[in-house]
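Right, one structure below, let's go through it.
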Amino acid sequence: MIHATSTQLELTVHRGGYQIGGTCIEIRHPNGERLILDAGRPLDAPKDATGLLPRTLDLSGQATVLICHSHQDHSGLINELPLAWPVWSGAASAKLIEITAGLARAPLGRVLNRWNSRGAFSVGAFRVTPILTDHSAFDAYMLLIEGAGQRLLYSGDFRRHGRKSALVDRLMQAGIGTVDLLILEGTNLGTDKPVISEASLEADFVSLFSRVQGQVFCCWSGQNIDRTVTLYRAALKTGRTLVIDLYTAEVLDTIAQGTRLPRPGMDQLKVVITRGLANHYRNSGCGAFVDRMAKYGMSARAIKGSRSVVMLRDGLVRDYRASGVDPTAADAVVWSMWRGYLD
């Protein structure tokens with residue numbers, strides 16, 4: 001825990017100061033009102049572990065929670081928060097959080113408040129301005145907090161090599177005035193970790209898809225909309241079909257309406273209907289969604305010998321193999337930017 005106090009705002013970093021993820025930061029106003037920035041699940045927490053909120057976080061008083069984006073290490077402990085605490089996020093982020101909770105059969109027992117991405121709003125004595133930023137999570141925000149005559153900027157997670165990098169560049173050029181305190185995400189501080197833009201990655205995919213004769217399996221997160229767009233654009237350019245799973249189809253079906261994002265029903269985009277995931281949705285009361293996606297679907301068996309670009313996740317491998325498609329075969333072409341997916 002990191003604690004800083006003054007005659008005005010009081011800041012406590014309950015978690016996230018000495019680790020990546022699991023973020024939980026408190027801002028206390030002199031009048032006693034509290035904002036909690038994120039309720040993240042630690043990345044190293046066992047799958048079924050509960051009671052993970054920081055012990056230093058006082059749950060007995062009232063507070064309002066702001067979630068900067070939908071990734072579990074920022075939003076994964078919402079269900080452990082007191083029901084009396086209002087929770088706010090961006091509109092699309094709220095939908096993504098609800099989808100993930102539903103898939104995990106741990107639906108939220110509360111309604112998430114949605115902020116308007118184009119304006120400030122008040123939370124008691126605080127004024128909050130969400131600032132849309134570039135991140136692998138769709139609808140991610142920096143948060144400018146004003147109260148007691150002070151201004152605090154929480155960067156959340158951000159980058160400068162995605163499809164919305166211009167948002168960060170414009171913010172850096174224009175500025176937001178004097179800030180008394182900056183809470184900065186620092187996952188890669190002090191490293192020489194290479195980065196590649198989505199535009200460059202798209203060109204690499206076009207080259208790969210042009211060289212390979214058969215299907216290509218790709219590992220990526222269904223909530224990484226930038227990556228889905230990159231793969232879809234590369235598939236279009238090389239005459240291939242992008243094949244996504246039901247979860248990714250639900251993500252796109254939920255947030256892509258009214259946008260230019262790819263979604264089920266568009267050309268060269270198919271949904272693979274695998275037994276395990278389809279049963280999971282049906283058992284969760286979402287059979288109608290599976291039936292609707294079947295209109296744009298293809299079986300796992302149909303992947304074999306195709307020129308598709310196929311989504312690959314650990315939970316899909318068993319169903320692929322049962323259908324005669326083995327992504328781990330010696331002659332299979334599998335791509336992943338993160339080694340952990342391949343492991």
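Letters A, B, ... mark the chains of the structure tokens in the order given; residue numbers begin at 1 per chain; ligand numbers begin at 1, in order shown.
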Q: Apply DSSP to the backbone of this structure and, from stretch 140-295 of chain A, keep only the residues in alpha helix (DSSP H); write these as a ChimeraX atom specification.
A: /A:165-174,198-211,225-237,246-255,275-283,287-293
Closest atom pairs, stretch 47-90 of chain A residues within 10 Å of stretch 131-151 of chain A, only C-alpha atoms, as a Markdown table:
```
| residue | atom | partner | partner_atom | distance |
| --- | --- | --- | --- | --- |
| A:Leu66 | CA | A:Leu143 | CA | 8.8 |
| A:Ile67 | CA | A:Tyr141 | CA | 8.7 |
| A:Cys68 | CA | A:Tyr141 | CA | 5.2 |
| A:His69 | CA | A:Ala140 | CA | 4.6 |
| A:Ser70 | CA | A:Ala137 | CA | 6.6 |
| A:His71 | CA | A:Ala137 | CA | 6.7 |
| A:Ser89 | CA | A:Tyr141 | CA | 8.9 |
| A:Gly90 | CA | A:Asp139 | CA | 6.5 |
```
Expected file: the selected residues, C-alpha atoms, as a PDB file, in the first residue's frame:
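This went into result14.pdb:
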```pdb
ATOM      1  CA  LEU A  66     -14.712   4.147 -11.374  1.00  0.00           C
ATOM      2  CA  ILE A  67     -13.535   1.364 -13.721  1.00  0.00           C
ATOM      3  CA  CYS A  68     -11.176   2.655 -16.422  1.00  0.00           C
ATOM      4  CA  HIS A  69     -11.553  -0.380 -18.732  1.00  0.00           C
ATOM      5  CA  SER A  70     -12.901  -3.908 -18.885  1.00  0.00           C
ATOM      6  CA  HIS A  71      -9.764  -6.015 -18.362  1.00  0.00           C
ATOM      7  CA  SER A  89     -17.508   2.761 -16.429  1.00  0.00           C
ATOM      8  CA  GLY A  90     -17.694   3.624 -20.113  1.00  0.00           C
TER       9      GLY A  90
END
```
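Between A:Gly186 and the candidates A:Arg211, A:Arg127, A:Arg159, A:Lys237, the tightest atom-to-atom separation, counting only C-alpha atoms, involves A:Arg159.
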Q: Using only C-alpha atoms, determine which residues lie at most 8 Å from A:Asn79, disregarding the query and same-chain residues fewer than 2 positions distant; provide the list as a list in words.
A: Gly76, Leu77, Leu81, Leu108 and Gly109 of chain A
I'd like the neighbourhood of stretch 198-210 of chain A as an mmCIF file with N, CA, C and O atoms, in the first residue's frame, where a residue qualifies if any of its atoms comes within 6 Å (using only C-alpha atoms), though same-chain residues fewer than 2 positions away should be ignored.
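Written file, out-v1.cif:
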```cif
data_model
loop_
_atom_site.group_PDB
_atom_site.id
_atom_site.type_symbol
_atom_site.label_atom_id
_atom_site.label_comp_id
_atom_site.auth_asym_id
_atom_site.auth_seq_id
_atom_site.Cartn_x
_atom_site.Cartn_y
_atom_site.Cartn_z
ATOM 1 N N GLY A 162 -1.496 1.410 -31.026
ATOM 2 C CA GLY A 162 -2.727 0.796 -31.481
ATOM 3 C C GLY A 162 -3.423 1.646 -32.528
ATOM 4 O O GLY A 162 -2.872 2.623 -33.037
ATOM 5 N N VAL A 212 1.199 -18.925 -46.827
ATOM 6 C CA VAL A 212 0.687 -20.202 -46.337
ATOM 7 C C VAL A 212 -0.452 -20.687 -47.236
ATOM 8 O O VAL A 212 -1.310 -19.904 -47.644
ATOM 9 N N THR A 230 -7.488 -5.959 -37.253
ATOM 10 C CA THR A 230 -6.259 -6.195 -38.005
ATOM 11 C C THR A 230 -6.327 -7.519 -38.761
ATOM 12 O O THR A 230 -6.006 -7.596 -39.958
ATOM 13 N N ALA A 234 -6.576 -8.091 -42.881
ATOM 14 C CA ALA A 234 -5.580 -8.911 -43.572
ATOM 15 C C ALA A 234 -6.244 -10.081 -44.290
ATOM 16 O O ALA A 234 -5.829 -10.462 -45.392
#
```
Residue neighbourhood stretch 16-27 of chain A, 10 Å, only C-alpha atoms, exclusion window fewer than 6 positions, as a PDB file with N, CA, C and O atoms, in the first residue's frame:
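Wrote result_0.pdb, looks like this:
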```pdb
ATOM      1  N   MET A   1       0.844  -1.193   0.000  1.00  0.00           N
ATOM      2  CA  MET A   1       0.000   0.000   0.000  1.00  0.00           C
ATOM      3  C   MET A   1       0.881   1.245   0.000  1.00  0.00           C
ATOM      4  O   MET A   1       1.888   1.308   0.684  1.00  0.00           O
ATOM      5  N   ILE A   2       0.499   2.226  -0.808  1.00  0.00           N
ATOM      6  CA  ILE A   2       1.164   3.523  -0.833  1.00  0.00           C
ATOM      7  C   ILE A   2       0.159   4.555  -0.362  1.00  0.00           C
ATOM      8  O   ILE A   2      -0.968   4.604  -0.862  1.00  0.00           O
ATOM      9  N   HIS A   3       0.547   5.382   0.598  1.00  0.00           N
ATOM     10  CA  HIS A   3      -0.377   6.353   1.179  1.00  0.00           C
ATOM     11  C   HIS A   3       0.243   7.741   1.117  1.00  0.00           C
ATOM     12  O   HIS A   3       1.397   7.930   1.483  1.00  0.00           O
ATOM     13  N   ALA A   4      -0.529   8.686   0.614  1.00  0.00           N
ATOM     14  CA  ALA A   4      -0.073  10.077   0.572  1.00  0.00           C
ATOM     15  C   ALA A   4      -1.198  10.960   1.080  1.00  0.00           C
ATOM     16  O   ALA A   4      -2.355  10.801   0.682  1.00  0.00           O
ATOM     17  N   THR A   5      -0.889  11.874   1.960  1.00  0.00           N
ATOM     18  CA  THR A   5      -1.917  12.731   2.525  1.00  0.00           C
ATOM     19  C   THR A   5      -1.519  14.198   2.414  1.00  0.00           C
ATOM     20  O   THR A   5      -0.348  14.528   2.258  1.00  0.00           O
ATOM     21  N   LEU A   9      -6.796  16.588  -0.999  1.00  0.00           N
ATOM     22  CA  LEU A   9      -7.113  15.207  -1.338  1.00  0.00           C
ATOM     23  C   LEU A   9      -6.116  14.252  -0.687  1.00  0.00           C
ATOM     24  O   LEU A   9      -4.943  14.577  -0.526  1.00  0.00           O
ATOM     25  N   GLU A  10      -6.597  13.058  -0.359  1.00  0.00           N
ATOM     26  CA  GLU A  10      -5.758  12.029   0.232  1.00  0.00           C
ATOM     27  C   GLU A  10      -5.775  10.805  -0.679  1.00  0.00           C
ATOM     28  O   GLU A  10      -6.838  10.320  -1.069  1.00  0.00           O
ATOM     29  N   GLU A  33     -15.756  12.033   1.501  1.00  0.00           N
ATOM     30  CA  GLU A  33     -16.214  11.275   0.330  1.00  0.00           C
ATOM     31  C   GLU A  33     -15.037  10.548  -0.312  1.00  0.00           C
ATOM     32  O   GLU A  33     -13.906  11.048  -0.318  1.00  0.00           O
ATOM     33  N   ARG A  34     -15.329   9.367  -0.887  1.00  0.00           N
ATOM     34  CA  ARG A  34     -14.260   8.540  -1.443  1.00  0.00           C
ATOM     35  C   ARG A  34     -14.579   8.103  -2.872  1.00  0.00           C
ATOM     36  O   ARG A  34     -15.705   7.727  -3.194  1.00  0.00           O
ATOM     37  N   LEU A  35     -13.549   8.134  -3.723  1.00  0.00           N
ATOM     38  CA  LEU A  35     -13.576   7.512  -5.048  1.00  0.00           C
ATOM     39  C   LEU A  35     -12.606   6.338  -5.033  1.00  0.00           C
ATOM     40  O   LEU A  35     -11.490   6.461  -4.517  1.00  0.00           O
ATOM     41  N   ILE A  36     -13.014   5.209  -5.620  1.00  0.00           N
ATOM     42  CA  ILE A  36     -12.133   4.063  -5.792  1.00  0.00           C
ATOM     43  C   ILE A  36     -11.885   3.899  -7.285  1.00  0.00           C
ATOM     44  O   ILE A  36     -12.842   3.747  -8.066  1.00  0.00           O
ATOM     45  N   LEU A  37     -10.627   4.000  -7.690  1.00  0.00           N
ATOM     46  CA  LEU A  37     -10.269   3.825  -9.094  1.00  0.00           C
ATOM     47  C   LEU A  37      -9.886   2.367  -9.315  1.00  0.00           C
ATOM     48  O   LEU A  37      -8.833   1.912  -8.869  1.00  0.00           O
ATOM     49  N   ASP A  38     -10.778   1.627  -9.960  1.00  0.00           N
ATOM     50  CA  ASP A  38     -10.592   0.225 -10.328  1.00  0.00           C
ATOM     51  C   ASP A  38     -10.721  -0.733  -9.150  1.00  0.00           C
ATOM     52  O   ASP A  38     -10.404  -0.387  -7.999  1.00  0.00           O
ATOM     53  N   ALA A  39     -11.190  -1.916  -9.467  1.00  0.00           N
ATOM     54  CA  ALA A  39     -11.270  -3.021  -8.509  1.00  0.00           C
ATOM     55  C   ALA A  39     -10.757  -4.247  -9.243  1.00  0.00           C
ATOM     56  O   ALA A  39     -11.519  -5.111  -9.671  1.00  0.00           O
ATOM     57  N   GLY A  40      -9.443  -4.287  -9.435  1.00  0.00           N
ATOM     58  CA  GLY A  40      -8.830  -5.286 -10.301  1.00  0.00           C
ATOM     59  C   GLY A  40      -8.495  -6.587  -9.602  1.00  0.00           C
ATOM     60  O   GLY A  40      -8.075  -6.603  -8.440  1.00  0.00           O
ATOM     61  N   ARG A  41      -8.642  -7.659 -10.330  1.00  0.00           N
ATOM     62  CA  ARG A  41      -8.269  -8.980  -9.829  1.00  0.00           C
ATOM     63  C   ARG A  41      -6.779  -9.183 -10.078  1.00  0.00           C
ATOM     64  O   ARG A  41      -6.302  -8.996 -11.207  1.00  0.00           O
ATOM     65  N   PRO A  42      -6.002  -9.577  -9.061  1.00  0.00           N
ATOM     66  CA  PRO A  42      -4.560  -9.802  -9.280  1.00  0.00           C
ATOM     67  C   PRO A  42      -4.329 -10.853 -10.359  1.00  0.00           C
ATOM     68  O   PRO A  42      -5.031 -11.872 -10.428  1.00  0.00           O
ATOM     69  N   LEU A  43      -3.355 -10.618 -11.200  1.00  0.00           N
ATOM     70  CA  LEU A  43      -3.082 -11.526 -12.311  1.00  0.00           C
ATOM     71  C   LEU A  43      -2.639 -12.904 -11.840  1.00  0.00           C
ATOM     72  O   LEU A  43      -2.836 -13.895 -12.538  1.00  0.00           O
ATOM     73  N   ASP A  44      -2.037 -12.975 -10.652  1.00  0.00           N
ATOM     74  CA  ASP A  44      -1.531 -14.252 -10.158  1.00  0.00           C
ATOM     75  C   ASP A  44      -2.503 -14.951  -9.209  1.00  0.00           C
ATOM     76  O   ASP A  44      -2.159 -15.952  -8.588  1.00  0.00           O
ATOM     77  N   ALA A  45      -3.735 -14.462  -9.111  1.00  0.00           N
ATOM     78  CA  ALA A  45      -4.706 -15.078  -8.213  1.00  0.00           C
ATOM     79  C   ALA A  45      -5.184 -16.413  -8.776  1.00  0.00           C
ATOM     80  O   ALA A  45      -5.438 -16.522  -9.986  1.00  0.00           O
ATOM     81  N   LEU A  52     -10.547 -11.297  -2.541  1.00  0.00           N
ATOM     82  CA  LEU A  52      -9.282 -10.762  -3.062  1.00  0.00           C
ATOM     83  C   LEU A  52      -9.160  -9.244  -2.978  1.00  0.00           C
ATOM     84  O   LEU A  52      -8.132  -8.694  -3.364  1.00  0.00           O
ATOM     85  N   LEU A  53     -10.194  -8.551  -2.516  1.00  0.00           N
ATOM     86  CA  LEU A  53     -10.048  -7.103  -2.355  1.00  0.00           C
ATOM     87  C   LEU A  53      -8.931  -6.809  -1.351  1.00  0.00           C
ATOM     88  O   LEU A  53      -8.743  -7.558  -0.381  1.00  0.00           O
ATOM     89  N   PRO A  54      -8.166  -5.737  -1.562  1.00  0.00           N
ATOM     90  CA  PRO A  54      -7.091  -5.414  -0.613  1.00  0.00           C
ATOM     91  C   PRO A  54      -7.631  -5.268   0.810  1.00  0.00           C
ATOM     92  O   PRO A  54      -8.683  -4.656   1.027  1.00  0.00           O
ATOM     93  N   LEU A  57      -8.508  -1.794   2.152  1.00  0.00           N
ATOM     94  CA  LEU A  57      -9.660  -1.053   1.640  1.00  0.00           C
ATOM     95  C   LEU A  57     -10.817  -1.166   2.629  1.00  0.00           C
ATOM     96  O   LEU A  57     -11.318  -2.262   2.896  1.00  0.00           O
ATOM     97  N   ASP A  58     -11.239  -0.039   3.168  1.00  0.00           N
ATOM     98  CA  ASP A  58     -12.323  -0.008   4.155  1.00  0.00           C
ATOM     99  C   ASP A  58     -13.664  -0.197   3.441  1.00  0.00           C
ATOM    100  O   ASP A  58     -14.087   0.650   2.648  1.00  0.00           O
ATOM    101  N   ALA A  63     -18.585   4.599  -0.789  1.00  0.00           N
ATOM    102  CA  ALA A  63     -17.612   4.990  -1.811  1.00  0.00           C
ATOM    103  C   ALA A  63     -18.242   4.810  -3.182  1.00  0.00           C
ATOM    104  O   ALA A  63     -19.238   4.097  -3.344  1.00  0.00           O
ATOM    105  N   THR A  64     -17.666   5.461  -4.179  1.00  0.00           N
ATOM    106  CA  THR A  64     -18.062   5.303  -5.575  1.00  0.00           C
ATOM    107  C   THR A  64     -16.866   4.772  -6.344  1.00  0.00           C
ATOM    108  O   THR A  64     -15.741   5.235  -6.139  1.00  0.00           O
ATOM    109  N   VAL A  65     -17.099   3.810  -7.229  1.00  0.00           N
ATOM    110  CA  VAL A  65     -16.028   3.128  -7.945  1.00  0.00           C
ATOM    111  C   VAL A  65     -16.049   3.518  -9.420  1.00  0.00           C
ATOM    112  O   VAL A  65     -17.112   3.525 -10.063  1.00  0.00           O
ATOM    113  N   LEU A  66     -14.877   3.845  -9.952  1.00  0.00           N
ATOM    114  CA  LEU A  66     -14.712   4.147 -11.374  1.00  0.00           C
ATOM    115  C   LEU A  66     -13.815   3.079 -11.997  1.00  0.00           C
ATOM    116  O   LEU A  66     -12.691   2.869 -11.531  1.00  0.00           O
ATOM    117  N   ILE A  67     -14.291   2.409 -13.043  1.00  0.00           N
ATOM    118  CA  ILE A  67     -13.535   1.364 -13.721  1.00  0.00           C
ATOM    119  C   ILE A  67     -13.040   1.928 -15.051  1.00  0.00           C
ATOM    120  O   ILE A  67     -13.835   2.287 -15.917  1.00  0.00           O
ATOM    121  N   HIS A  71     -10.661  -4.916 -18.681  1.00  0.00           N
ATOM    122  CA  HIS A  71      -9.764  -6.015 -18.362  1.00  0.00           C
ATOM    123  C   HIS A  71      -9.916  -6.449 -16.908  1.00  0.00           C
ATOM    124  O   HIS A  71     -10.101  -5.620 -16.016  1.00  0.00           O
ATOM    125  N   GLN A  72      -9.793  -7.752 -16.673  1.00  0.00           N
ATOM    126  CA  GLN A  72     -10.035  -8.312 -15.353  1.00  0.00           C
ATOM    127  C   GLN A  72      -9.111  -7.731 -14.280  1.00  0.00           C
ATOM    128  O   GLN A  72      -9.498  -7.619 -13.115  1.00  0.00           O
ATOM    129  N   ASP A  73      -7.885  -7.363 -14.651  1.00  0.00           N
ATOM    130  CA  ASP A  73      -6.973  -6.822 -13.637  1.00  0.00           C
ATOM    131  C   ASP A  73      -7.329  -5.391 -13.253  1.00  0.00           C
ATOM    132  O   ASP A  73      -6.666  -4.787 -12.401  1.00  0.00           O
ATOM    133  N   HIS A  74      -8.423  -4.869 -13.833  1.00  0.00           N
ATOM    134  CA  HIS A  74      -8.948  -3.565 -13.435  1.00  0.00           C
ATOM    135  C   HIS A  74     -10.415  -3.636 -12.993  1.00  0.00           C
ATOM    136  O   HIS A  74     -10.889  -2.739 -12.294  1.00  0.00           O
ATOM    137  N   SER A  75     -11.117  -4.701 -13.415  1.00  0.00           N
ATOM    138  CA  SER A  75     -12.560  -4.779 -13.132  1.00  0.00           C
ATOM    139  C   SER A  75     -12.994  -6.092 -12.495  1.00  0.00           C
ATOM    140  O   SER A  75     -14.164  -6.238 -12.141  1.00  0.00           O
ATOM    141  N   GLY A  76     -12.084  -7.029 -12.330  1.00  0.00           N
ATOM    142  CA  GLY A  76     -12.465  -8.395 -11.988  1.00  0.00           C
ATOM    143  C   GLY A  76     -13.025  -8.621 -10.593  1.00  0.00           C
ATOM    144  O   GLY A  76     -13.545  -9.706 -10.322  1.00  0.00           O
ATOM    145  N   LEU A  77     -12.944  -7.631  -9.709  1.00  0.00           N
ATOM    146  CA  LEU A  77     -13.454  -7.817  -8.345  1.00  0.00           C
ATOM    147  C   LEU A  77     -14.720  -7.003  -8.073  1.00  0.00           C
ATOM    148  O   LEU A  77     -15.084  -6.773  -6.921  1.00  0.00           O
ATOM    149  N   PHE A 126     -16.604  15.463  -6.184  1.00  0.00           N
ATOM    150  CA  PHE A 126     -15.604  15.254  -7.226  1.00  0.00           C
ATOM    151  C   PHE A 126     -16.179  15.567  -8.613  1.00  0.00           C
ATOM    152  O   PHE A 126     -17.368  15.355  -8.868  1.00  0.00           O
ATOM    153  N   ILE A 145      -9.489  13.617 -12.314  1.00  0.00           N
ATOM    154  CA  ILE A 145     -10.280  13.786 -11.100  1.00  0.00           C
ATOM    155  C   ILE A 145      -9.992  15.168 -10.521  1.00  0.00           C
ATOM    156  O   ILE A 145      -8.828  15.528 -10.294  1.00  0.00           O
ATOM    157  N   GLY A 147     -11.089  17.902  -7.357  1.00  0.00           N
ATOM    158  CA  GLY A 147     -11.788  18.061  -6.083  1.00  0.00           C
ATOM    159  C   GLY A 147     -10.921  18.792  -5.085  1.00  0.00           C
ATOM    160  O   GLY A 147      -9.692  18.677  -5.117  1.00  0.00           O
ATOM    161  N   LEU A 152      -6.092  15.595 -10.375  1.00  0.00           N
ATOM    162  CA  LEU A 152      -5.330  14.349 -10.406  1.00  0.00           C
ATOM    163  C   LEU A 152      -5.640  13.625 -11.710  1.00  0.00           C
ATOM    164  O   LEU A 152      -6.813  13.483 -12.086  1.00  0.00           O
ATOM    165  N   TYR A 154      -5.303  10.035 -13.640  1.00  0.00           N
ATOM    166  CA  TYR A 154      -5.026   8.605 -13.585  1.00  0.00           C
ATOM    167  C   TYR A 154      -4.975   8.096 -15.020  1.00  0.00           C
ATOM    168  O   TYR A 154      -5.967   8.168 -15.746  1.00  0.00           O
ATOM    169  N   GLY A 156      -4.676   5.064 -16.198  1.00  0.00           N
ATOM    170  CA  GLY A 156      -5.120   3.725 -16.552  1.00  0.00           C
ATOM    171  C   GLY A 156      -4.048   3.049 -17.394  1.00  0.00           C
ATOM    172  O   GLY A 156      -2.874   3.435 -17.366  1.00  0.00           O
ATOM    173  N   ASP A 157      -4.418   2.040 -18.153  1.00  0.00           N
ATOM    174  CA  ASP A 157      -3.485   1.412 -19.092  1.00  0.00           C
ATOM    175  C   ASP A 157      -3.612   2.117 -20.441  1.00  0.00           C
ATOM    176  O   ASP A 157      -4.732   2.371 -20.909  1.00  0.00           O
ATOM    177  N   ILE A 183      -0.919   9.690 -11.722  1.00  0.00           N
ATOM    178  CA  ILE A 183      -0.787   8.263 -11.434  1.00  0.00           C
ATOM    179  C   ILE A 183      -0.629   7.576 -12.780  1.00  0.00           C
ATOM    180  O   ILE A 183      -1.577   7.490 -13.561  1.00  0.00           O
ATOM    181  N   GLU A 185       0.447   4.481 -15.398  1.00  0.00           N
ATOM    182  CA  GLU A 185       0.656   3.066 -15.658  1.00  0.00           C
ATOM    183  C   GLU A 185       2.093   2.853 -16.111  1.00  0.00           C
ATOM    184  O   GLU A 185       2.613   3.602 -16.926  1.00  0.00           O
ATOM    185  N   GLY A 186       2.766   1.822 -15.563  1.00  0.00           N
ATOM    186  CA  GLY A 186       4.183   1.658 -15.858  1.00  0.00           C
ATOM    187  C   GLY A 186       4.594   0.233 -16.152  1.00  0.00           C
ATOM    188  O   GLY A 186       5.687  -0.187 -15.763  1.00  0.00           O
ATOM    189  N   THR A 187       3.740  -0.528 -16.830  1.00  0.00           N
ATOM    190  CA  THR A 187       4.028  -1.939 -17.089  1.00  0.00           C
ATOM    191  C   THR A 187       5.390  -2.141 -17.740  1.00  0.00           C
ATOM    192  O   THR A 187       6.139  -3.055 -17.392  1.00  0.00           O
ATOM    193  N   ASN A 188       5.736  -1.285 -18.686  1.00  0.00           N
ATOM    194  CA  ASN A 188       6.965  -1.491 -19.457  1.00  0.00           C
ATOM    195  C   ASN A 188       8.065  -0.487 -19.139  1.00  0.00           C
ATOM    196  O   ASN A 188       9.060  -0.414 -19.871  1.00  0.00           O
TER     197      ASN A 188
END
```
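Of note, atom CA of A:Arg318 and atom CA of A:Gln223 are spaced 21.9 Å apart.
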Q. Tell me, which residues of stretch 1-120 of chain A carry DSSP strand (DSSP E), written as a ChimeraX atom specification?
A. /A:2-4,10-15,24-28,34-37,64-66,87-90,113-115
Please produce an output containing N, CA and C atoms for each residue in the selection, written as a compact mmCIF listing (two decimals), in the first residue's frame.
```txt
# COMPACT_ATOMS: atom_id res chain seq x y z
N ILE A 2 0.50 2.23 -0.81
CA ILE A 2 1.16 3.52 -0.83
C ILE A 2 0.16 4.55 -0.36
N HIS A 3 0.55 5.38 0.60
CA HIS A 3 -0.38 6.35 1.18
C HIS A 3 0.24 7.74 1.12
N ALA A 4 -0.53 8.69 0.61
CA ALA A 4 -0.07 10.08 0.57
C ALA A 4 -1.20 10.96 1.08
N GLU A 10 -6.60 13.06 -0.36
CA GLU A 10 -5.76 12.03 0.23
C GLU A 10 -5.77 10.81 -0.68
N LEU A 11 -4.60 10.32 -1.03
CA LEU A 11 -4.47 9.22 -2.00
C LEU A 11 -3.92 7.97 -1.30
N THR A 12 -4.55 6.82 -1.56
CA THR A 12 -4.05 5.54 -1.08
C THR A 12 -4.05 4.56 -2.23
N VAL A 13 -2.88 4.03 -2.57
CA VAL A 13 -2.78 2.97 -3.57
C VAL A 13 -2.86 1.65 -2.81
N HIS A 14 -4.02 1.06 -2.80
CA HIS A 14 -4.21 -0.20 -2.05
C HIS A 14 -3.50 -1.36 -2.75
N ARG A 15 -3.50 -1.34 -4.07
CA ARG A 15 -2.80 -2.39 -4.82
C ARG A 15 -2.46 -1.85 -6.20
N CYS A 24 -6.12 -1.02 -7.50
CA CYS A 24 -7.15 -0.49 -6.61
C CYS A 24 -6.59 0.75 -5.92
N ILE A 25 -7.13 1.92 -6.25
CA ILE A 25 -6.62 3.20 -5.76
C ILE A 25 -7.77 3.99 -5.15
N GLU A 26 -7.53 4.59 -4.02
CA GLU A 26 -8.56 5.37 -3.33
C GLU A 26 -8.18 6.84 -3.27
N ILE A 27 -9.16 7.69 -3.53
CA ILE A 27 -9.00 9.14 -3.37
C ILE A 27 -10.05 9.60 -2.37
N ARG A 28 -9.60 10.21 -1.29
CA ARG A 28 -10.51 10.68 -0.24
C ARG A 28 -10.54 12.21 -0.24
N ARG A 34 -15.33 9.37 -0.89
CA ARG A 34 -14.26 8.54 -1.44
C ARG A 34 -14.58 8.10 -2.87
N LEU A 35 -13.55 8.13 -3.72
CA LEU A 35 -13.58 7.51 -5.05
C LEU A 35 -12.61 6.34 -5.03
N ILE A 36 -13.01 5.21 -5.62
CA ILE A 36 -12.13 4.06 -5.79
C ILE A 36 -11.88 3.90 -7.28
N LEU A 37 -10.63 4.00 -7.69
CA LEU A 37 -10.27 3.82 -9.09
C LEU A 37 -9.89 2.37 -9.31
N THR A 64 -17.67 5.46 -4.18
CA THR A 64 -18.06 5.30 -5.57
C THR A 64 -16.87 4.77 -6.34
N VAL A 65 -17.10 3.81 -7.23
CA VAL A 65 -16.03 3.13 -7.94
C VAL A 65 -16.05 3.52 -9.42
N LEU A 66 -14.88 3.85 -9.95
CA LEU A 66 -14.71 4.15 -11.37
C LEU A 66 -13.81 3.08 -12.00
N VAL A 87 -21.00 1.80 -9.13
CA VAL A 87 -19.86 1.49 -9.98
C VAL A 87 -20.11 2.10 -11.36
N TRP A 88 -19.11 2.86 -11.85
CA TRP A 88 -19.21 3.56 -13.13
C TRP A 88 -18.14 3.03 -14.09
N SER A 89 -18.48 3.05 -15.38
CA SER A 89 -17.51 2.76 -16.43
C SER A 89 -18.02 3.35 -17.74
N GLY A 90 -17.21 3.25 -18.79
CA GLY A 90 -17.69 3.62 -20.11
C GLY A 90 -18.82 2.69 -20.54
N ASN A 113 -23.28 1.88 -13.83
CA ASN A 113 -23.55 3.21 -14.37
C ASN A 113 -22.60 3.49 -15.52
N ARG A 114 -23.12 4.14 -16.57
CA ARG A 114 -22.31 4.44 -17.75
C ARG A 114 -22.07 5.93 -17.87
N TRP A 115 -20.81 6.30 -18.06
CA TRP A 115 -20.55 7.72 -18.27
C TRP A 115 -20.56 8.04 -19.76
```
Q. Looking at A:Leu316, A:Ala249, A:Leu112, A:Val216, which one is nearest to A:Lys304, with distances taken over only C-alpha atoms?
A. A:Val216
Q) Pick from A:Ile255, A:Met337, A:Leu231, A:Ile303: nearest to A:Ser323, with only C-alpha atoms counted? A) A:Ile303
Need to verify the contact set: A:Leu246, 12 Å, only C-alpha atoms, exclusion of same-chain residues closer than 3 positions in sequence. Can you return it as a short mmCIF file (atom, residue, chain, number, x, y, z; two decimals) with C-alpha atoms, in the first residue's frame?
```cif
data_model
loop_
_atom_site.label_atom_id
_atom_site.label_comp_id
_atom_site.auth_asym_id
_atom_site.auth_seq_id
_atom_site.Cartn_x
_atom_site.Cartn_y
_atom_site.Cartn_z
CA ILE A 99 -20.42 -10.38 -21.16
CA LEU A 103 -19.57 -16.32 -19.65
CA GLY A 222 -11.79 -11.77 -28.05
CA VAL A 243 -13.32 -17.50 -38.21
CA ALA A 249 -18.94 -13.07 -31.86
CA GLU A 250 -20.91 -11.92 -28.81
CA VAL A 251 -18.39 -9.15 -28.13
CA LEU A 252 -18.63 -7.85 -31.70
CA ASP A 253 -22.39 -8.33 -31.90
CA ARG A 263 -19.43 -8.17 -36.83
CA PRO A 264 -21.23 -11.44 -37.57
CA LYS A 270 -17.68 -16.69 -39.85
CA VAL A 271 -18.44 -18.01 -36.36
CA VAL A 272 -17.19 -21.49 -35.49
CA ILE A 273 -19.84 -23.33 -33.49
CA THR A 274 -17.93 -25.67 -31.17
CA ARG A 275 -19.73 -28.17 -28.93
CA GLY A 276 -18.21 -27.04 -25.63
CA LEU A 277 -18.82 -23.32 -25.99
CA ALA A 278 -22.25 -23.79 -27.58
CA ASN A 279 -23.32 -26.00 -24.65
CA HIS A 280 -21.95 -23.43 -22.21
CA TYR A 281 -24.09 -20.71 -23.78
CA ARG A 282 -27.18 -22.92 -23.91
CA CYS A 286 -28.36 -18.08 -24.16
CA GLY A 287 -29.41 -20.73 -26.66
CA PHE A 289 -27.81 -16.37 -29.31
CA VAL A 290 -26.18 -19.62 -30.47
CA ASP A 291 -29.04 -20.21 -32.91
CA ARG A 292 -28.73 -16.68 -34.28
CA MET A 293 -24.96 -17.00 -34.72
CA ALA A 294 -25.46 -20.34 -36.49
CA TYR A 296 -23.16 -17.05 -39.86
CA GLY A 297 -21.53 -20.20 -38.58
CA MET A 298 -19.38 -23.03 -39.72
CA SER A 299 -18.54 -26.30 -38.03
CA MET A 311 -9.27 -18.21 -33.77
CA LEU A 312 -7.44 -20.47 -31.33
CA ARG A 313 -7.81 -20.57 -27.56
CA GLY A 315 -10.79 -24.01 -24.57
CA LEU A 316 -11.30 -24.65 -28.29
#
```
